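Just structure-v3.cif here, mmCIF, C-alpha atoms:
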data_run
loop_
_atom_site.label_atom_id
_atom_site.label_comp_id
_atom_site.auth_asym_id
_atom_site.auth_seq_id
_atom_site.Cartn_x
_atom_site.Cartn_y
_atom_site.Cartn_z
CA MET A 504 -47.09 -72.29 -166.18
CA GLY A 505 -43.58 -71.00 -165.64
CA ALA A 506 -42.70 -68.39 -163.03
CA ASN A 507 -40.84 -65.18 -163.75
CA ALA A 508 -37.22 -64.66 -162.80
CA SER A 509 -37.75 -62.15 -159.98
CA MET A 510 -38.11 -63.44 -156.44
CA PRO A 511 -41.25 -62.17 -154.67
CA SER A 512 -41.33 -61.55 -150.93
CA ALA A 513 -44.55 -63.60 -150.64
CA VAL A 514 -47.04 -65.45 -152.86
CA THR A 515 -50.83 -65.80 -152.83
CA VAL A 516 -52.41 -69.15 -153.65
CA VAL A 517 -56.12 -69.15 -154.54
CA LEU A 518 -57.78 -72.57 -154.34
CA ALA A 519 -60.27 -73.10 -157.19
CA ALA A 520 -60.18 -76.83 -157.89
CA GLY A 521 -63.12 -78.20 -155.90
CA LEU A 522 -65.49 -80.65 -157.57
CA ALA A 523 -68.52 -78.51 -156.61
CA ARG A 524 -70.88 -81.49 -156.57
CA ARG A 525 -73.58 -79.52 -154.70
CA MET A 526 -73.32 -76.56 -157.09
CA GLY A 527 -73.45 -78.72 -160.21
CA GLN A 528 -70.95 -76.56 -162.11
CA ALA A 529 -67.51 -75.02 -161.62
CA LYS A 530 -67.89 -72.35 -158.93
CA PRO A 531 -64.83 -70.26 -159.93
CA SER A 532 -66.46 -69.48 -163.29
CA LEU A 533 -69.72 -68.18 -161.84
CA PRO A 534 -70.48 -64.51 -162.66
CA TRP A 535 -69.70 -62.11 -159.83
CA ASN A 536 -69.79 -58.32 -159.90
CA GLY A 537 -69.10 -58.16 -163.62
CA ILE A 538 -66.34 -60.78 -163.64
CA THR A 539 -66.03 -64.33 -162.30
CA LEU A 540 -65.82 -65.44 -158.69
CA LEU A 541 -62.22 -66.52 -159.22
CA ASP A 542 -61.18 -63.26 -160.86
CA TYR A 543 -62.91 -61.27 -158.12
CA VAL A 544 -61.01 -63.07 -155.35
CA VAL A 545 -57.75 -62.69 -157.28
CA GLN A 546 -58.47 -58.98 -157.72
CA THR A 547 -59.13 -58.57 -153.99
CA ALA A 548 -55.93 -60.45 -153.15
CA SER A 549 -53.94 -57.94 -155.20
CA CYS A 550 -54.15 -55.49 -152.30
CA VAL A 551 -50.98 -57.05 -150.87
CA GLU A 552 -49.12 -56.98 -154.20
CA THR A 553 -48.00 -60.59 -154.34
CA PRO A 554 -47.93 -62.85 -157.37
CA VAL A 555 -51.09 -64.99 -157.45
CA VAL A 556 -51.05 -68.70 -158.24
CA THR A 557 -54.44 -70.27 -158.88
CA VAL A 558 -54.99 -73.99 -158.29
CA VAL A 559 -57.67 -75.18 -160.72
CA ASP A 560 -59.18 -78.33 -162.17
CA HIS A 561 -59.64 -79.16 -165.84
CA ARG A 562 -62.91 -77.17 -166.10
CA VAL A 563 -61.40 -73.81 -165.18
CA ARG A 564 -59.01 -71.74 -167.26
CA PRO A 565 -57.80 -68.83 -165.14
CA THR A 566 -56.72 -65.44 -166.36
CA THR A 567 -53.84 -65.25 -163.88
CA ALA A 568 -50.28 -65.46 -165.17
CA PHE A 569 -49.46 -68.35 -162.84
CA TRP A 570 -51.65 -71.40 -162.35
CA VAL A 571 -51.36 -75.10 -161.71
CA GLU A 572 -53.88 -77.87 -162.22
CA ASN A 573 -54.72 -80.20 -159.36
CA PRO A 574 -54.58 -83.61 -161.08
CA ASP A 575 -56.99 -85.20 -158.58
CA PRO A 576 -59.32 -82.70 -156.88
CA SER A 577 -61.43 -85.61 -155.61
CA GLN A 578 -58.79 -85.98 -152.90
CA GLY A 579 -60.15 -82.83 -151.25
CA VAL A 580 -58.97 -79.36 -150.36
CA ALA A 581 -55.76 -80.67 -148.76
CA SER A 582 -54.54 -81.84 -152.16
CA SER A 583 -55.19 -78.39 -153.63
CA ILE A 584 -53.28 -76.64 -150.86
CA GLN A 585 -50.39 -79.04 -151.32
CA THR A 586 -50.45 -78.65 -155.11
CA GLY A 587 -50.23 -74.88 -154.78
CA VAL A 588 -47.55 -74.83 -152.10
CA ARG A 589 -45.45 -77.40 -153.95
CA TRP A 590 -45.60 -75.23 -157.09
CA VAL A 591 -44.57 -72.14 -155.11
CA ARG A 592 -41.64 -73.96 -153.49
CA GLU A 593 -40.43 -75.27 -156.85
CA HIS A 594 -40.54 -71.83 -158.48
CA TRP A 595 -39.95 -69.30 -155.71
CA GLY A 596 -38.49 -71.16 -152.76
CA ALA A 597 -39.23 -70.57 -149.08
CA VAL A 598 -41.40 -67.44 -149.34
CA PRO A 599 -44.46 -66.91 -147.11
CA VAL A 600 -47.71 -68.11 -148.67
CA GLN A 601 -51.20 -66.65 -148.38
CA VAL A 602 -54.12 -69.01 -149.09
CA LEU A 603 -57.56 -67.80 -150.18
CA LEU A 604 -60.63 -69.68 -151.43
CA ALA A 605 -62.28 -68.86 -154.75
CA ASP A 606 -65.75 -69.37 -153.26
CA GLN A 607 -65.40 -66.82 -150.44
CA PRO A 608 -65.88 -63.44 -152.16
CA PHE A 609 -66.84 -61.53 -149.01
CA VAL A 610 -63.27 -61.47 -147.70
CA THR A 611 -62.21 -57.85 -148.15
CA ALA A 612 -58.90 -56.15 -148.79
CA ASP A 613 -59.05 -54.79 -145.23
CA ASP A 614 -59.41 -58.34 -143.89
CA ILE A 615 -56.40 -59.44 -145.89
CA ARG A 616 -54.26 -56.51 -144.77
CA ARG A 617 -55.17 -57.14 -141.12
CA VAL A 618 -53.99 -60.74 -141.33
CA TRP A 619 -50.78 -59.73 -143.09
CA ASP A 620 -50.08 -57.08 -140.45
CA ALA A 621 -50.48 -59.75 -137.76
CA PHE A 622 -48.26 -62.16 -139.69
CA GLU A 623 -45.49 -59.61 -140.10
CA ALA A 624 -45.64 -58.75 -136.38
CA ARG A 625 -45.88 -62.37 -135.21
CA PRO A 626 -43.60 -63.79 -132.49
CA ASP A 627 -40.72 -66.02 -133.61
CA SER A 628 -42.61 -69.07 -132.36
CA VAL A 629 -45.59 -68.45 -134.69
CA HIS A 630 -45.45 -69.73 -138.26
CA ALA A 631 -49.08 -69.45 -139.38
CA VAL A 632 -51.81 -66.84 -138.94
CA ARG A 633 -55.50 -66.77 -139.84
CA PRO A 634 -58.51 -64.59 -138.98
CA PHE A 635 -61.37 -65.55 -136.72
CA TYR A 636 -64.41 -63.61 -137.88
CA ASP A 637 -66.65 -63.22 -134.82
CA GLY A 638 -65.03 -66.43 -133.59
CA ILE A 639 -65.38 -68.37 -136.86
CA PRO A 640 -62.12 -69.35 -138.60
CA GLY A 641 -61.70 -67.93 -142.07
CA HIS A 642 -59.25 -66.82 -144.75
CA PRO A 643 -56.68 -65.77 -145.67
CA VAL A 644 -54.32 -68.18 -143.98
CA VAL A 645 -50.73 -66.95 -144.12
CA PHE A 646 -47.76 -69.15 -143.23
CA ASP A 647 -44.01 -69.37 -143.61
CA ALA A 648 -41.99 -72.30 -144.94
CA ARG A 649 -41.48 -73.71 -141.45
CA PHE A 650 -45.17 -74.61 -141.52
CA ASP A 651 -44.81 -76.75 -144.66
CA ALA A 652 -44.55 -80.00 -142.70
CA VAL A 653 -48.05 -79.35 -141.39
CA ILE A 654 -49.33 -78.48 -144.86
CA PHE A 655 -48.05 -81.74 -146.31
CA SER A 656 -49.47 -83.78 -143.45
CA LEU A 657 -53.05 -82.73 -144.31
CA ALA A 658 -55.45 -85.18 -145.91
CA GLY A 659 -59.00 -85.12 -147.21
CA ASP A 660 -61.38 -82.20 -147.32
CA ARG A 661 -60.86 -80.50 -143.96
CA GLY A 662 -57.86 -78.41 -144.88
CA LEU A 663 -56.09 -76.32 -142.26
CA GLY A 664 -59.09 -76.27 -139.97
CA ALA A 665 -58.26 -79.84 -139.03
CA VAL A 666 -55.03 -78.81 -137.30
CA TRP A 667 -55.60 -75.24 -136.23
CA ALA A 668 -56.75 -75.83 -132.66
CA SER A 669 -53.97 -78.30 -131.89
CA ARG A 670 -50.82 -76.54 -133.17
CA PRO A 671 -48.75 -74.31 -130.89
CA GLU A 672 -47.14 -72.45 -133.81
CA VAL A 673 -50.37 -70.96 -135.13
CA MET A 674 -52.14 -67.73 -134.19
CA GLY A 675 -55.66 -66.45 -134.69
CA VAL A 676 -56.49 -62.84 -135.45
CA PRO A 677 -59.88 -61.73 -134.02
CA VAL A 678 -61.99 -59.73 -136.48
CA THR A 679 -65.35 -58.25 -135.55
CA VAL A 680 -67.83 -58.53 -138.41
CA GLY A 681 -71.16 -57.52 -136.91
CA LYS A 682 -74.22 -57.16 -139.14
CA SER A 683 -72.98 -54.47 -141.45
CA ARG A 684 -71.70 -56.86 -144.13
CA PRO A 685 -71.92 -60.50 -145.24
CA HIS A 686 -69.82 -62.83 -143.13
CA PRO A 687 -66.34 -63.25 -144.71
CA ALA A 688 -66.29 -67.00 -143.97
CA THR A 689 -69.42 -67.57 -146.09
CA ASP A 690 -68.84 -70.33 -148.65
CA ILE A 691 -70.81 -70.47 -151.88
CA ASP A 692 -71.47 -74.20 -152.13
CA THR A 693 -74.99 -74.59 -153.58
CA PRO A 694 -77.23 -72.75 -156.05
CA ALA A 695 -79.19 -71.40 -153.07
CA ASP A 696 -75.97 -70.11 -151.50
CA TYR A 697 -75.10 -68.39 -154.77
CA GLN A 698 -78.49 -66.70 -155.07
CA GLN A 699 -78.28 -65.51 -151.46
CA ALA A 700 -74.76 -64.19 -152.06
CA LEU A 701 -75.92 -62.33 -155.17
CA ALA A 702 -78.69 -60.75 -153.10
CA TRP A 703 -76.18 -59.63 -150.49
CA LEU A 704 -73.92 -58.28 -153.23
CA ALA A 705 -76.83 -56.26 -154.67
CA GLN A 706 -77.59 -54.82 -151.23
CA GLN A 707 -73.98 -53.75 -150.81
CA SER A 708 -74.12 -51.95 -154.14
CA GLU A 709 -77.22 -49.93 -153.26
#
Could you show the structure in this file as structure tokens?
Amino acid sequence: MGANASMPSAVTVVLAAGLARRMGQAKPSLPWNGITLLDYVVQTASCVETPVVTVVDHRVRPTTAFWVENPDPSQGVASSIQTGVRWVREHWGAVPVQVLLADQPFVTADDIRRVWDAFEARPDSVHAVRPFYDGIPGHPVVFDARFDAVIFSLAGDRGLGAVWASRPEVMGVPVTVGKSRPHPATDIDTPADYQQALAWLAQQSE
């Protein structure tokens, strides 16, 4: 899809192109709180008022204005990150990028704002920021264009977690979760995960 003419100050990329072998169907299209998982994550991401680019596979047709298809999602999450960042660079240049996952619906707007606040206040030597929820790395990951070399060095299905502990230009943001809500780093990977997540969602709505 083509981008609009205005230049945003940052862009959100939502990764939704996984093969979902353990789920047995496309996770982004699963029902969630009256919409789909993908639309829910996109809606949450709107708290920072960036354009949203979704990276999908052939099974998913997003409702976002901007999307790009990963031609080979079997290559793992690294290929989806690179597909999204490459699209952003081609259309909007060297803007900061926020990455979220379509199967992590328990990341809240407050979590996202906290990471962005840390990114905007980062030292000059830091080019990437992510939260650590009670010590567990999570999303969003936010980075500037000087981190692109790291992004395009990734391979396979480990994503940014593979490099986070070894890079001096990255920074973690500690977030205390406690027991008052589902853990934001929870992935929905299997039918059992999905049913548990729906139960948690119902409890939150009570």
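Put simply, the PyMOL selection byres ((chain A and resi 693) around 6) on this file hits Arg525, Met526, Asp692, Pro694, Ala695 and Asp696 of chain A.
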Practice problem: Write out as a ChimeraX atom specification which residues come within 8 Å of range 596-613 of chain A when counting all atoms listed in the file, dropping same-chain ones fewer than 3 positions away. | Solution: /A:511-519,530-531,540-541,543-544,547-548,550,584,588,591-593,616-617,642-648,685-692
Exercise. Within 10 Å of Ala520 in chain A, counting only C-alpha atoms, which residues show up once you throw out same-chain ones fewer than 6 positions away? Write them as JSON, numbers by chain, please.
Key: {"A": [529, 530, 531, 557, 558, 559, 560, 561, 562, 563, 571, 572, 573, 574, 575, 576, 577, 579, 580, 582, 583, 584, 604, 605]}
Quiz item: Nearest to Pro626 in chain A: which of A:Gly662, A:Pro554, A:Pro671, A:Gly681 is it, counting all atoms listed in the file?
Solution: A:Pro671
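Of the residues under consideration (A:Gly659, A:Pro565, A:Gly527, A:Pro634), A:Gly659 shows the shortest atom-to-atom contact distance to Gln585 in chain A when counting all atoms listed in the file.
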Quiz item: When distances are computed from all atoms listed in the file, which of A:Val673, A:Ala668, A:Ile615, A:Ala621 shows the smallest separation from Ser549 in chain A?
Solution: A:Ile615
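When all atoms listed in the file are used to measure the gap to Pro534 in chain A, the shortest distance among A:Ala700, A:Val551, A:Ala581, A:Val653 belongs to A:Ala700.
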Exercise. Fewer than 4 positions away in the same chain doesn't count, so skip those; otherwise give me all residues within 12 Å of Pro677 in chain A, counting all atoms listed in the file, as a ChimeraX atom specification.
Key: /A:614,617-618,621,632-642
Write a file for range 562-611 of chain A of the given structure; include N, CA and C atoms and format it as a compact mmCIF listing (two decimals), in the first residue's frame.
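Output file out_23.txt is given in full below:
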# COMPACT_ATOMS: atom_id res chain seq x y z
N ARG A 562 -2.83 -14.80 4.60
CA ARG A 562 -4.12 -15.17 5.21
C ARG A 562 -4.81 -14.00 5.88
N VAL A 563 -4.11 -12.91 6.09
CA VAL A 563 -4.64 -11.80 6.88
C VAL A 563 -4.82 -10.58 6.00
N ARG A 564 -5.98 -9.97 6.06
CA ARG A 564 -6.23 -8.72 5.36
C ARG A 564 -6.55 -7.65 6.40
N PRO A 565 -5.59 -6.80 6.69
CA PRO A 565 -5.77 -5.83 7.78
C PRO A 565 -6.70 -4.70 7.39
N THR A 566 -7.19 -4.02 8.40
CA THR A 566 -8.04 -2.85 8.18
C THR A 566 -7.24 -1.55 8.26
N THR A 567 -5.94 -1.65 8.54
CA THR A 567 -5.11 -0.45 8.61
C THR A 567 -4.87 0.12 7.21
N ALA A 568 -4.63 1.41 7.15
CA ALA A 568 -4.39 2.06 5.86
C ALA A 568 -3.08 1.58 5.23
N PHE A 569 -2.11 1.25 6.06
CA PHE A 569 -0.78 0.89 5.56
C PHE A 569 -0.45 -0.53 6.00
N TRP A 570 -0.10 -1.37 5.04
CA TRP A 570 0.29 -2.73 5.36
C TRP A 570 1.21 -3.27 4.28
N VAL A 571 1.97 -4.27 4.65
CA VAL A 571 2.89 -4.90 3.72
C VAL A 571 2.89 -6.39 4.00
N GLU A 572 2.96 -7.18 2.96
CA GLU A 572 2.96 -8.63 3.13
C GLU A 572 4.38 -9.16 3.21
N ASN A 573 4.65 -9.97 4.23
CA ASN A 573 5.92 -10.68 4.31
C ASN A 573 5.86 -11.83 3.31
N PRO A 574 6.71 -11.82 2.29
CA PRO A 574 6.60 -12.85 1.25
C PRO A 574 7.02 -14.24 1.73
N ASP A 575 7.75 -14.31 2.84
CA ASP A 575 8.22 -15.62 3.32
C ASP A 575 8.26 -15.64 4.85
N PRO A 576 7.09 -15.70 5.49
CA PRO A 576 7.06 -15.69 6.96
C PRO A 576 7.72 -16.90 7.58
N SER A 577 7.97 -17.96 6.80
CA SER A 577 8.65 -19.13 7.34
C SER A 577 10.07 -18.81 7.78
N GLN A 578 10.61 -17.67 7.35
CA GLN A 578 11.94 -17.27 7.75
C GLN A 578 11.99 -16.74 9.18
N GLY A 579 10.84 -16.57 9.82
CA GLY A 579 10.82 -16.18 11.22
C GLY A 579 10.53 -14.71 11.44
N VAL A 580 10.46 -14.35 12.72
CA VAL A 580 10.07 -12.99 13.09
C VAL A 580 11.06 -11.95 12.58
N ALA A 581 12.33 -12.32 12.45
CA ALA A 581 13.32 -11.36 11.95
C ALA A 581 12.93 -10.85 10.57
N SER A 582 12.43 -11.74 9.72
CA SER A 582 12.05 -11.32 8.37
C SER A 582 10.87 -10.37 8.40
N SER A 583 9.96 -10.55 9.37
CA SER A 583 8.83 -9.63 9.47
C SER A 583 9.27 -8.25 9.96
N ILE A 584 10.16 -8.22 10.95
CA ILE A 584 10.69 -6.93 11.40
C ILE A 584 11.37 -6.21 10.23
N GLN A 585 12.19 -6.93 9.51
CA GLN A 585 12.92 -6.32 8.40
C GLN A 585 11.98 -5.87 7.29
N THR A 586 10.94 -6.66 7.00
CA THR A 586 9.96 -6.26 6.00
C THR A 586 9.29 -4.95 6.38
N GLY A 587 8.88 -4.84 7.65
CA GLY A 587 8.23 -3.62 8.10
C GLY A 587 9.15 -2.42 8.11
N VAL A 588 10.35 -2.59 8.62
CA VAL A 588 11.29 -1.46 8.68
C VAL A 588 11.69 -1.03 7.28
N ARG A 589 11.91 -1.97 6.40
CA ARG A 589 12.27 -1.62 5.02
C ARG A 589 11.15 -0.79 4.37
N TRP A 590 9.91 -1.18 4.61
CA TRP A 590 8.77 -0.43 4.05
C TRP A 590 8.74 0.98 4.61
N VAL A 591 8.95 1.11 5.92
CA VAL A 591 8.95 2.43 6.55
C VAL A 591 10.06 3.30 5.97
N ARG A 592 11.25 2.74 5.83
CA ARG A 592 12.37 3.53 5.29
C ARG A 592 12.10 3.97 3.85
N GLU A 593 11.48 3.12 3.07
CA GLU A 593 11.20 3.47 1.67
C GLU A 593 10.15 4.57 1.56
N HIS A 594 9.21 4.61 2.50
CA HIS A 594 8.10 5.56 2.40
C HIS A 594 8.24 6.79 3.28
N TRP A 595 8.90 6.65 4.43
CA TRP A 595 8.96 7.76 5.38
C TRP A 595 10.36 8.08 5.88
N GLY A 596 11.35 7.40 5.38
CA GLY A 596 12.72 7.77 5.73
C GLY A 596 13.14 7.34 7.13
N ALA A 597 14.02 8.13 7.73
CA ALA A 597 14.72 7.74 8.96
C ALA A 597 13.97 8.14 10.23
N VAL A 598 12.67 7.80 10.30
CA VAL A 598 11.89 8.12 11.50
C VAL A 598 12.06 7.01 12.53
N PRO A 599 11.88 7.31 13.82
CA PRO A 599 11.87 6.24 14.82
C PRO A 599 10.73 5.25 14.54
N VAL A 600 10.98 4.00 14.92
CA VAL A 600 10.01 2.93 14.69
C VAL A 600 9.68 2.25 16.01
N GLN A 601 8.40 2.03 16.23
CA GLN A 601 7.90 1.25 17.37
C GLN A 601 7.41 -0.09 16.84
N VAL A 602 7.84 -1.19 17.46
CA VAL A 602 7.42 -2.53 17.05
C VAL A 602 6.56 -3.15 18.14
N LEU A 603 5.39 -3.64 17.75
CA LEU A 603 4.49 -4.39 18.62
C LEU A 603 4.14 -5.72 17.96
N LEU A 604 3.69 -6.68 18.76
CA LEU A 604 3.29 -7.99 18.25
C LEU A 604 1.78 -8.14 18.30
N ALA A 605 1.21 -8.70 17.25
CA ALA A 605 -0.25 -8.84 17.17
C ALA A 605 -0.78 -9.87 18.14
N ASP A 606 0.09 -10.72 18.72
CA ASP A 606 -0.41 -11.74 19.64
C ASP A 606 -0.08 -11.42 21.09
N GLN A 607 0.15 -10.13 21.40
CA GLN A 607 0.38 -9.70 22.77
C GLN A 607 -0.62 -8.60 23.15
N PRO A 608 -1.89 -8.96 23.37
CA PRO A 608 -2.91 -7.94 23.59
C PRO A 608 -2.92 -7.33 24.99
N PHE A 609 -2.09 -7.84 25.90
CA PHE A 609 -2.11 -7.30 27.26
C PHE A 609 -1.12 -6.16 27.46
N VAL A 610 -0.43 -5.75 26.41
CA VAL A 610 0.34 -4.50 26.46
C VAL A 610 -0.65 -3.35 26.45
N THR A 611 -0.53 -2.45 27.41
CA THR A 611 -1.50 -1.36 27.54
C THR A 611 -0.97 -0.05 26.96
